[in-house]
$ cat upload_12.cif   # mmCIF, C-alpha atoms
data_model
#
loop_
_atom_site.label_atom_id
_atom_site.label_comp_id
_atom_site.auth_asym_id
_atom_site.auth_seq_id
_atom_site.Cartn_x
_atom_site.Cartn_y
_atom_site.Cartn_z
CA MET A 8 -41.11 -37.62 -16.27
CA ARG A 9 -37.44 -38.62 -16.55
CA PHE A 10 -36.69 -35.40 -18.47
CA PHE A 11 -38.44 -33.38 -15.73
CA ASP A 12 -36.31 -35.07 -13.01
CA ARG A 13 -33.11 -34.29 -14.91
CA PHE A 14 -34.26 -30.69 -15.32
CA LEU A 15 -34.88 -30.31 -11.58
CA ARG A 16 -31.49 -31.80 -10.70
CA LEU A 17 -29.77 -29.44 -13.11
CA ALA A 18 -31.68 -26.46 -11.73
CA PHE A 19 -30.80 -27.29 -8.11
CA ALA A 20 -27.13 -27.82 -9.04
CA THR A 21 -27.04 -24.44 -10.77
CA LEU A 22 -28.60 -22.70 -7.77
CA ALA A 23 -26.09 -24.35 -5.43
CA PHE A 24 -23.18 -23.19 -7.61
CA VAL A 25 -24.49 -19.63 -7.73
CA GLY A 26 -24.95 -19.64 -3.96
CA MET A 27 -21.38 -20.79 -3.35
CA ALA A 28 -20.06 -18.19 -5.78
CA ALA A 29 -21.90 -15.46 -3.89
CA LEU A 30 -20.25 -16.57 -0.63
CA TRP A 31 -16.75 -16.70 -2.20
CA THR A 32 -16.04 -13.12 -3.19
CA PRO A 33 -13.16 -12.23 -5.52
CA ALA A 34 -11.32 -10.41 -2.71
CA GLN A 35 -11.53 -13.51 -0.50
CA ALA A 36 -10.32 -15.74 -3.31
CA ARG A 37 -7.26 -13.52 -3.96
CA TYR A 38 -6.39 -12.39 -0.45
CA ALA A 39 -3.03 -13.45 1.00
CA SER A 40 -0.79 -11.95 3.66
CA ILE A 41 2.29 -12.46 5.78
CA VAL A 42 4.22 -10.48 8.40
CA LEU A 43 7.91 -11.07 9.15
CA ASP A 44 10.21 -9.94 11.92
CA TYR A 45 12.91 -7.99 10.07
CA GLU A 46 15.90 -9.01 12.19
CA THR A 47 15.21 -12.75 12.40
CA GLY A 48 12.92 -13.37 9.43
CA ARG A 49 10.52 -15.18 11.77
CA VAL A 50 6.93 -15.40 10.53
CA LEU A 51 4.61 -13.47 12.88
CA SER A 52 1.41 -14.22 10.96
CA GLU A 53 0.38 -15.59 7.60
CA GLN A 54 -2.71 -16.37 5.56
CA GLY A 55 -2.46 -18.01 2.16
CA ALA A 56 1.16 -16.84 2.05
CA ASP A 57 2.21 -19.55 -0.43
CA GLU A 58 -0.76 -19.25 -2.78
CA ARG A 59 0.17 -18.15 -6.31
CA ARG A 60 -0.80 -14.56 -7.04
CA HIS A 61 0.08 -11.80 -9.51
CA PRO A 62 2.55 -9.24 -8.09
CA ALA A 63 1.36 -6.21 -10.11
CA SER A 64 3.66 -3.24 -9.40
CA LEU A 65 5.28 -5.03 -6.46
CA THR A 66 7.38 -6.29 -9.38
CA LYS A 67 9.14 -2.94 -9.37
CA MET A 68 10.78 -3.82 -6.05
CA MET A 69 12.94 -6.32 -7.95
CA THR A 70 13.58 -3.76 -10.69
CA LEU A 71 14.82 -1.40 -7.97
CA PHE A 72 16.80 -4.20 -6.31
CA LEU A 73 18.77 -4.70 -9.53
CA ILE A 74 19.26 -0.94 -9.95
CA PHE A 75 20.66 -0.68 -6.40
CA GLU A 76 22.87 -3.69 -7.05
CA ALA A 77 24.26 -2.08 -10.22
CA LEU A 78 24.89 1.18 -8.34
CA ASP A 79 26.83 -0.59 -5.59
CA GLN A 80 28.85 -2.53 -8.18
CA LYS A 81 29.75 0.80 -9.87
CA LYS A 82 28.18 -0.34 -13.15
CA ILE A 83 26.02 2.79 -13.22
CA THR A 84 25.81 6.12 -11.39
CA LEU A 85 22.85 8.15 -10.16
CA ASP A 86 23.62 10.93 -12.65
CA GLN A 87 24.02 8.58 -15.59
CA ARG A 88 21.34 9.00 -18.25
CA TRP A 89 19.43 6.14 -19.88
CA ASN A 90 17.88 6.39 -23.34
CA VAL A 91 14.09 6.25 -23.71
CA THR A 92 13.06 3.98 -26.56
CA ALA A 93 9.75 4.00 -28.39
CA PHE A 94 8.84 0.78 -26.57
CA ALA A 95 9.51 2.35 -23.14
CA ALA A 96 7.63 5.54 -23.99
CA GLY A 97 4.65 3.52 -25.23
CA GLN A 98 3.98 1.73 -21.93
CA SER A 99 0.52 1.97 -20.42
CA PRO A 100 -0.15 4.32 -17.52
CA THR A 101 0.84 4.86 -14.79
CA LYS A 102 3.89 6.63 -16.26
CA LEU A 103 6.14 9.67 -16.09
CA GLY A 104 5.26 10.69 -19.62
CA LEU A 105 8.70 9.98 -21.07
CA GLU A 106 9.05 10.43 -24.83
CA GLU A 107 11.13 8.55 -27.37
CA GLY A 108 14.58 10.07 -27.57
CA ASP A 109 14.56 11.44 -24.02
CA ARG A 110 17.53 10.79 -21.79
CA VAL A 111 16.55 10.32 -18.15
CA ARG A 112 18.80 10.20 -15.09
CA VAL A 113 19.03 6.94 -13.13
CA GLN A 114 18.00 8.80 -9.96
CA ASP A 115 14.85 10.09 -11.66
CA VAL A 116 14.05 6.55 -12.78
CA ILE A 117 14.38 5.37 -9.17
CA LEU A 118 12.12 8.13 -7.85
CA GLY A 119 9.63 7.58 -10.66
CA LEU A 120 9.39 3.89 -9.78
CA VAL A 121 9.02 4.52 -6.05
CA THR A 122 6.49 7.36 -6.12
CA ARG A 123 4.61 7.25 -9.41
CA SER A 124 5.11 3.50 -10.00
CA ALA A 125 5.96 4.55 -13.53
CA ASN A 126 5.81 1.77 -16.12
CA ASP A 127 7.79 3.73 -18.70
CA ALA A 128 10.59 4.22 -16.15
CA ALA A 129 10.57 0.48 -15.41
CA VAL A 130 11.20 -0.37 -19.06
CA VAL A 131 13.92 2.29 -19.28
CA ALA A 132 15.67 0.56 -16.36
CA ALA A 133 15.15 -2.88 -17.89
CA GLU A 134 16.67 -1.81 -21.21
CA GLY A 135 19.44 0.13 -19.49
CA LEU A 136 20.55 -2.85 -17.40
CA GLY A 137 19.49 -5.83 -19.48
CA GLY A 138 19.47 -4.60 -23.04
CA THR A 139 15.89 -5.78 -23.55
CA GLU A 140 12.99 -6.18 -21.14
CA PRO A 141 12.70 -9.99 -21.67
CA ARG A 142 16.40 -10.40 -20.89
CA PHE A 143 16.01 -8.20 -17.80
CA ALA A 144 13.02 -10.30 -16.67
CA GLU A 145 15.28 -13.35 -16.80
CA MET A 146 17.79 -11.50 -14.63
CA MET A 147 14.98 -10.63 -12.20
CA THR A 148 13.81 -14.24 -11.91
CA ARG A 149 17.36 -15.53 -11.49
CA ARG A 150 17.99 -13.02 -8.69
CA ALA A 151 14.69 -13.99 -7.06
CA ARG A 152 15.85 -17.63 -6.88
CA GLN A 153 19.09 -16.53 -5.25
CA LEU A 154 17.07 -14.70 -2.59
CA GLY A 155 14.97 -17.79 -1.87
CA MET A 156 11.90 -16.58 -3.77
CA SER A 157 11.20 -20.03 -5.19
CA ALA A 158 7.63 -19.39 -6.38
CA THR A 159 8.22 -16.13 -8.26
CA VAL A 160 8.54 -15.73 -12.02
CA PHE A 161 9.02 -12.29 -13.59
CA MET A 162 8.04 -11.65 -17.20
CA ASN A 163 8.45 -7.87 -17.28
CA ALA A 164 9.96 -5.05 -15.23
CA SER A 165 6.76 -3.18 -14.41
CA GLY A 166 4.17 -5.67 -13.19
CA LEU A 167 1.77 -4.99 -16.05
CA PRO A 168 -0.55 -7.99 -16.64
CA HIS A 169 1.06 -11.22 -17.78
CA ASP A 170 -0.44 -14.66 -17.08
CA GLN A 171 2.95 -16.20 -16.31
CA GLN A 172 4.14 -13.46 -13.96
CA ILE A 173 3.41 -14.94 -10.55
CA THR A 174 4.54 -14.70 -6.95
CA THR A 175 3.40 -15.28 -3.38
CA ALA A 176 2.95 -13.05 -0.37
CA ARG A 177 5.88 -14.85 1.26
CA ASP A 178 8.18 -14.12 -1.67
CA MET A 179 7.19 -10.45 -1.79
CA ALA A 180 7.76 -9.98 1.95
CA THR A 181 11.13 -11.72 1.52
CA LEU A 182 12.03 -9.29 -1.27
CA GLY A 183 10.99 -6.32 0.86
CA ARG A 184 13.11 -7.54 3.75
CA GLU A 185 16.12 -8.15 1.49
CA LEU A 186 15.87 -4.67 -0.02
CA ILE A 187 16.17 -3.17 3.47
CA ARG A 188 18.83 -5.63 4.63
CA GLN A 189 21.11 -5.45 1.60
CA TYR A 190 20.56 -1.81 0.60
CA PRO A 191 19.89 0.21 3.76
CA HIS A 192 21.76 3.16 2.20
CA HIS A 193 19.23 3.22 -0.67
CA TYR A 194 16.12 2.42 1.36
CA HIS A 195 15.45 6.12 2.01
CA TYR A 196 14.06 6.37 -1.53
CA PHE A 197 10.99 4.39 -0.43
CA SER A 198 10.14 7.12 2.08
CA THR A 199 9.97 9.82 -0.60
CA ALA A 200 6.65 11.61 -0.22
CA GLU A 201 6.76 13.63 -3.44
CA PHE A 202 8.84 13.73 -6.60
CA SER A 203 9.01 16.49 -9.21
CA TYR A 204 9.89 15.70 -12.81
CA GLU A 205 9.73 18.06 -15.79
CA GLY A 206 7.48 20.45 -13.87
CA ARG A 207 5.03 17.75 -12.76
CA GLN A 208 4.58 16.75 -9.13
CA PHE A 209 4.02 13.11 -8.20
CA SER A 210 2.92 11.87 -4.76
CA ASN A 211 3.90 8.50 -3.34
CA HIS A 212 1.19 5.87 -3.86
CA ASN A 213 2.05 4.30 -0.48
CA ARG A 214 -0.41 6.26 1.68
CA LEU A 215 0.09 3.99 4.67
CA MET A 216 3.12 6.17 5.49
CA ARG A 217 0.83 9.17 6.00
CA TRP A 218 -0.97 7.78 9.03
CA TYR A 219 0.56 4.54 10.33
CA GLU A 220 3.01 5.01 13.20
CA GLY A 221 6.51 3.98 12.15
CA ALA A 222 5.73 3.16 8.49
CA ASP A 223 8.55 4.19 6.12
CA GLY A 224 8.13 2.12 2.89
CA ILE A 225 7.86 0.05 0.67
CA LYS A 226 5.63 -0.44 -2.46
CA THR A 227 2.04 -0.68 -3.68
CA GLY A 228 0.63 -2.51 -6.69
CA PHE A 229 -2.61 -3.09 -8.59
CA ILE A 230 -3.90 -4.88 -11.64
CA ARG A 231 -7.38 -6.36 -11.95
CA ALA A 232 -6.08 -9.91 -11.73
CA SER A 233 -4.30 -9.27 -8.42
CA GLY A 234 -6.42 -6.77 -6.53
CA PHE A 235 -4.67 -4.11 -4.44
CA ASN A 236 -1.26 -5.20 -3.14
CA LEU A 237 1.12 -3.69 -0.61
CA VAL A 238 4.48 -4.53 0.91
CA ALA A 239 5.12 -2.31 3.93
CA SER A 240 7.67 -1.92 6.68
CA ALA A 241 7.45 -0.09 9.99
CA VAL A 242 9.65 0.53 13.03
CA ARG A 243 8.47 0.87 16.63
CA ASP A 244 10.59 0.94 19.76
CA GLY A 245 13.67 -0.06 17.79
CA ARG A 246 12.00 -3.08 16.20
CA ARG A 247 11.22 -3.39 12.48
CA ILE A 248 8.70 -5.71 10.85
CA VAL A 249 7.81 -6.27 7.19
CA GLY A 250 4.38 -7.24 5.86
CA ALA A 251 2.80 -8.16 2.54
CA VAL A 252 -0.89 -7.96 1.63
CA ILE A 253 -2.08 -9.20 -1.75
CA GLY A 254 -5.63 -8.96 -3.08
CA GLY A 255 -7.13 -6.09 -1.11
CA PRO A 256 -10.57 -4.98 -2.43
CA ASN A 257 -9.56 -1.29 -2.63
CA PRO A 258 -6.62 0.90 -1.50
CA SER A 259 -8.22 2.04 1.75
CA GLU A 260 -9.18 -1.42 3.00
CA ARG A 261 -5.86 -2.87 1.86
CA ASP A 262 -4.02 -0.26 3.94
CA GLN A 263 -6.27 -0.87 6.92
CA TYR A 264 -5.70 -4.64 6.69
CA MET A 265 -1.98 -3.96 6.63
CA GLY A 266 -2.22 -1.64 9.61
CA LYS A 267 -3.99 -4.27 11.66
CA LEU A 268 -1.49 -6.95 10.63
CA LEU A 269 1.43 -4.71 11.60
CA ASP A 270 -0.24 -3.89 14.93
CA ALA A 271 -0.59 -7.60 15.60
CA GLY A 272 3.04 -8.18 14.66
CA PHE A 273 4.29 -5.51 17.04
CA GLU A 274 2.07 -6.85 19.81
CA ARG A 275 3.23 -10.42 19.11
CA ARG A 276 -0.27 -11.82 19.01
CA ALA A 277 -2.27 -13.68 16.36
CA PRO A 278 -4.22 -11.29 14.13
CA ASN A 279 -7.96 -11.54 13.56
CA ILE A 280 -8.90 -9.89 10.29
CA ALA A 281 -12.23 -10.06 8.50
CA ILE A 282 -11.58 -10.10 4.78
CA ALA A 283 -13.85 -8.38 2.23
CA GLN A 284 -16.09 -6.71 4.79
CA ALA A 285 -17.34 -3.13 4.87
CA PRO A 286 -14.56 -0.57 5.40
CA THR A 287 -15.84 0.26 8.87
CA ALA A 288 -14.64 -3.04 10.35
CA PRO A 289 -10.89 -2.57 9.71
CA ALA A 290 -11.24 1.20 10.08
CA ALA A 291 -12.40 0.78 13.68
CA ALA A 292 -9.17 -0.99 14.47
CA ARG A 293 -7.18 1.75 12.73
CA ASN A 294 -8.69 4.55 14.84
CA GLN A 295 -6.40 3.53 17.70
CA THR A 296 -3.26 4.38 15.67
CA ALA A 297 -4.61 7.17 13.46
CA ASN A 298 -3.24 9.84 15.82
CA ALA A 299 0.33 8.61 15.39
CA ALA A 300 2.98 10.73 13.70
CA LYS A 301 4.53 10.09 10.35
CA PRO A 302 8.11 9.16 11.29
CA LYS A 303 11.28 10.33 9.69
CA PRO A 304 12.69 7.48 7.57
CA ALA A 305 15.51 5.46 9.06
CA ALA A 306 18.65 6.38 7.17
CA ALA A 307 20.16 2.90 7.46
CA PRO A 308 17.85 0.17 8.79
CA ALA A 309 19.84 -2.52 10.51
CA ALA A 310 19.51 -5.05 13.28
CA ALA A 311 18.70 -2.25 15.69
CA PRO A 312 16.91 0.47 13.70
CA ALA A 313 16.45 3.94 15.11
CA LYS A 314 13.29 4.71 17.03
CA PRO A 315 10.62 6.55 15.08
CA ALA A 316 10.02 10.20 15.91
CA ALA A 317 6.43 9.69 16.92
CA ALA A 318 5.31 8.30 20.24
CA LYS A 319 3.11 5.20 20.32
CA ALA A 320 -0.60 5.83 20.07
CA GLU A 321 -2.63 5.17 23.18
CA ARG A 322 -4.80 2.10 22.95
CA PRO A 323 -8.04 2.19 24.94
CA ALA A 324 -9.20 -0.91 26.74
CA ALA A 325 -11.64 -3.12 24.89
CA SER A 326 -14.40 -2.09 27.28
CA GLN A 327 -13.96 1.53 26.17
CA GLN A 328 -14.52 0.74 22.50
CA ARG A 329 -18.05 1.36 21.32
CA THR A 330 -18.96 -1.61 19.12
CA ASP A 331 -22.36 -2.72 20.35
CA ALA A 332 -24.53 0.37 19.88
CA ALA A 333 -25.62 2.38 16.87
CA PRO A 334 -23.92 5.80 16.83
CA ALA A 335 -25.80 9.03 17.15
CA GLN A 336 -26.44 10.76 13.85
CA GLY A 337 -23.68 13.15 12.87
CA ASP A 338 -21.08 11.57 15.18
CA TRP A 339 -18.99 10.06 12.40
CA ALA A 340 -15.98 11.56 10.59
CA ILE A 341 -13.51 10.78 7.85
CA GLN A 342 -9.77 11.38 7.84
CA VAL A 343 -8.18 12.33 4.52
CA GLY A 344 -4.53 12.25 5.45
CA ALA A 345 -1.85 13.24 7.95
CA PHE A 346 0.69 15.93 7.11
CA ASN A 347 3.75 17.56 8.62
CA GLN A 348 2.37 21.03 7.79
CA ARG A 349 -0.99 22.36 9.00
CA VAL A 350 -1.59 24.20 5.73
CA ALA A 351 -1.19 20.94 3.78
CA ALA A 352 -3.71 19.21 6.05
CA ARG A 353 -6.27 21.97 5.54
CA LYS A 354 -5.76 21.90 1.76
CA ALA A 355 -6.40 18.14 1.72
CA ALA A 356 -9.62 18.64 3.69
CA GLU A 357 -10.76 21.38 1.33
CA ASP A 358 -9.95 19.22 -1.69
CA ALA A 359 -12.00 16.40 -0.21
CA THR A 360 -15.02 18.64 0.35
CA ARG A 361 -14.83 19.69 -3.27
CA ILE A 362 -14.46 16.16 -4.65
CA ALA A 363 -17.18 14.63 -2.45
CA ALA A 364 -19.36 17.74 -2.15
CA GLN A 365 -22.57 15.72 -2.34
CA HIS A 366 -21.72 13.93 0.90
CA LEU A 367 -19.64 16.59 2.69
CA ALA A 368 -21.67 19.76 2.07
CA LYS A 369 -22.46 20.20 5.79
CA ALA A 370 -19.23 18.75 7.18
CA GLU A 371 -16.79 20.73 9.30
CA ILE A 372 -13.03 20.73 8.77
CA GLN A 373 -11.10 19.58 11.82
CA ILE A 374 -7.30 19.70 11.96
CA LEU A 375 -5.86 17.62 14.80
CA GLY A 376 -2.35 18.80 15.60
CA PRO A 377 0.50 17.41 17.72
CA ALA A 378 -0.51 16.62 21.27
CA SER A 379 2.49 18.35 22.81
CA ALA A 380 5.72 20.17 22.03
CA ALA A 381 7.55 16.93 22.82
CA ARG A 382 5.95 15.47 19.73
CA ASN A 383 6.84 18.27 17.37
CA ALA A 384 7.26 15.80 14.51
CA ALA A 385 3.68 14.56 14.87
CA ALA A 386 1.41 14.92 11.88
CA HIS A 387 -1.54 17.23 11.43
CA ARG A 388 -4.52 15.01 10.71
CA ALA A 389 -7.13 16.35 8.32
CA ARG A 390 -10.70 15.35 9.18
CA LEU A 391 -14.23 16.18 8.14
CA THR A 392 -16.70 15.79 11.00
CA GLY A 393 -20.42 15.92 11.68
CA LEU A 394 -21.27 13.03 9.35
CA THR A 395 -23.61 10.10 9.59
CA GLN A 396 -22.16 6.64 9.09
CA ALA A 397 -23.75 6.47 5.64
CA GLN A 398 -22.29 9.84 4.66
CA ALA A 399 -18.83 8.81 5.84
CA ARG A 400 -18.95 5.60 3.82
CA ALA A 401 -20.27 7.35 0.72
CA ALA A 402 -17.65 10.10 0.98
CA CYS A 403 -14.81 7.56 1.27
CA ARG A 404 -16.11 5.70 -1.75
CA ALA A 405 -16.15 8.94 -3.74
CA LEU A 406 -12.63 9.86 -2.61
CA ASP A 407 -11.27 6.36 -3.24
CA ALA A 408 -12.58 6.61 -6.80
CA LYS A 409 -10.36 9.69 -7.21
CA ASP A 410 -7.35 7.89 -5.65
CA MET A 411 -7.52 10.09 -2.53
CA ASP A 412 -6.73 8.77 0.93
CA CYS A 413 -9.78 8.28 3.16
CA MET A 414 -10.32 6.55 6.49
CA ILE A 415 -13.63 6.30 8.36
CA VAL A 416 -13.48 7.45 12.00
CA GLY A 417 -16.17 6.11 14.31
CA PRO A 418 -17.89 8.21 16.98
CA SER A 419 -16.11 6.75 20.01
CA ALA A 420 -12.67 7.52 18.55
CA GLU A 421 -13.83 11.00 17.53
CA ARG A 422 -14.90 11.89 21.07
CA ARG A 423 -11.51 10.83 22.45
CA GLN A 424 -9.70 13.45 20.43
CA SER A 425 -8.95 16.84 21.96
CA GLY A 426 -7.03 20.03 21.26
CA SER A 427 -8.42 20.41 17.72
CA SER A 428 -9.45 23.51 15.84
CA VAL A 429 -12.68 23.65 13.85
CA ALA A 430 -13.53 25.78 10.86
CA ASN A 431 -16.33 25.91 8.30
CA ALA A 432 -15.94 23.53 5.38
CA GLY A 433 -17.51 26.03 2.98
#

$ encode --input "upload_12.cif" --output "structure tokens"
Amino acid sequence: MRFFDRFLRLAFATLAFVGMAALWTPAQARYASIVLDYETGRVLSEQGADERRHPASLTKMMTLFLIFEALDQKKITLDQRWNVTAFAAGQSPTKLGLEEGDRVRVQDVILGLVTRSANDAAVVAAEGLGGTEPRFAEMMTRRARQLGMSATVFMNASGLPHDQQITTARDMATLGRELIRQYPHHYHYFSTAEFSYEGRQFSNHNRLMRWYEGADGIKTGFIRASGFNLVASAVRDGRRIVGAVIGGPNPSERDQYMGKLLDAGFERRAPNIAIAQAPTAPAAARNQTANAAKPKPAAAPAAAPAKPAAAKAERPAASQQRTDAAPAQGDWAIQVGAFNQRVAARKAAEDATRIAAQHLAKAEIQILGPASAARNAAAHRARLTGLTQAQARAACRALDAKDMDCMIVGPSAERRQSGSSVANAG
């Protein structure tokens, strides 16, 4: 009887543990965020901002910081060429595809780090500035302490997995702010949309810049231990803020979390974000800014940055937002990017229909252009319409798997749009 009692207690304890584990998802356990006012450094919102996390490729912001520092100290030049060692060439993807014996320009290393998040380029920089990557990592950590990043330890230049390479959301936002503050003349690199190297074209991994009003940098990151990370900065009405999100469940939701945090920062109110929910929850909030233009990058961010080219997106009253009723079938859409050129928007839509053909076979391509001549810098938004909610979700999952930008657009937001042109997706 005593054995049976012990067995029951063990069984109930096991069930309780499993139940708690199911409630505490990995994304919740890893999630951390913070938003700072650029000019003052004041914290506008934070959640788990001092919890230890892995930086992943956010590490490359410090690699770039030390490159910019060396440039300003005249230790290197943009046209100077660094040697590619066997160790650098052998780094895991993502990479530029450098080969042992190559000699690569410093400027190409910078662009490779910003756009491709190239690990081989990171090691080239580490060896070029520090002699060896471990010695460069010591330089990175020492510089982090000088910037007030007390919780950060760097073990490599790329952000590839290392148990002892740790940081916090607060430290990463601090680093992002210091990059803009100390090197405004180099910050334009973070706004680079595409980079061509040796005949190959690389697009910037920071897709927030394609659709969020005022966004003009900074850096993404991902390893399994960290989840999807992002440090971003945006300018609206002459005011810049900087945010960090660590531990997003996928690129799309991470970007949508960041968008909502930045919105809250600009509106100077406390954010209310549901972590690790279905993509439709944060996407609904993002519909209100999805029609904003991609701004031209500020050439030299300072205490009073230039106003972005795009006008602020209209925000409907809460009573106008449809959140309490199931949508009619076929009223949903997805947005697969925002582009300065209409032809680029259409190509993105056509690519999406090919990649997610199973879910988009009957969708229609919709290109939403600038609302007026006064907003001639506004982006052309590429959408696929006529979907059910389930089709929209499935399509975004398929596109996310191929590292393609995708945002779900609910029916109420879709009906508010006007002035679009529709063509057959086939």

$ residues_around --input "upload_12.cif" --residues "range 145-161 of chain A" --least-positions-apart "4" --cutoff "6 Å" --atoms "only C-alpha atoms" --output "MDAnalysis selection string"
chainID A and resid 172:174 178

$ resolve_selection --input "upload_12.cif" --expression "the PyMOL selection byres ((chain A and resi 237) around 10)" --output "ChimeraX atom specification"
/A:40,62-65,176,179-180,213,215,224-229,235-236,238-240,250-255,258,261-262,265

$ closest_residue --input "upload_12.cif" --among "A:Glu205, A:Asp407, A:Asp244, A:Asp79" --to "Gly221 in chain A" --atoms "all atoms listed in the file"
A:Asp244

$ residues_around --input "upload_12.cif" --residues "Ala56 in chain A" --least-positions-apart "2" --cutoff "6 Å" --atoms "all atoms listed in the file" --output "ChimeraX atom specification"
/A:39-41,53-54,58,176-177

$ resolve_selection --input "upload_12.cif" --expression "the PyMOL selection byres ((chain A and resi 346) around 7)" --output "PDB file with C-alpha atoms, keeping the file's coordinate frame"
ATOM      1  CA  ARG A 217       0.830   9.170   6.000  1.00  0.00           C
ATOM      2  CA  GLY A 344      -4.530  12.250   5.450  1.00  0.00           C
ATOM      3  CA  ALA A 345      -1.850  13.240   7.950  1.00  0.00           C
ATOM      4  CA  ASN A 347       3.750  17.560   8.620  1.00  0.00           C
ATOM      5  CA  GLN A 348       2.370  21.030   7.790  1.00  0.00           C
ATOM      6  CA  ARG A 349      -0.990  22.360   9.000  1.00  0.00           C
ATOM      7  CA  ALA A 351      -1.190  20.940   3.780  1.00  0.00           C
ATOM      8  CA  ALA A 352      -3.710  19.210   6.050  1.00  0.00           C
ATOM      9  CA  ALA A 386       1.410  14.920  11.880  1.00  0.00           C
ATOM     10  CA  HIS A 387      -1.540  17.230  11.430  1.00  0.00           C
ATOM     11  CA  ARG A 388      -4.520  15.010  10.710  1.00  0.00           C
TER      12      ARG A 388
END

$ closest_residue --input "upload_12.cif" --among "A:Ile248, A:Ala93, A:Leu167, A:Ala340" --to "Val50 in chain A" --atoms "all atoms listed in the file"
A:Ile248

$ resolve_selection --input "upload_12.cif" --expression "the PyMOL selection byres ((chain A and resi 168) around 9)" --output "list in words"
His61, Ala63, Gly166, Leu167, His169, Asp170, Gln171, Gln172, Ile230, Arg231 and Ala232 of chain A

$ closest_residue --input "upload_12.cif" --among "A:Gly393, A:Ala405, A:Ala399, A:Val130" --to "Ala363 in chain A" --atoms "all atoms listed in the file"
A:Ala405
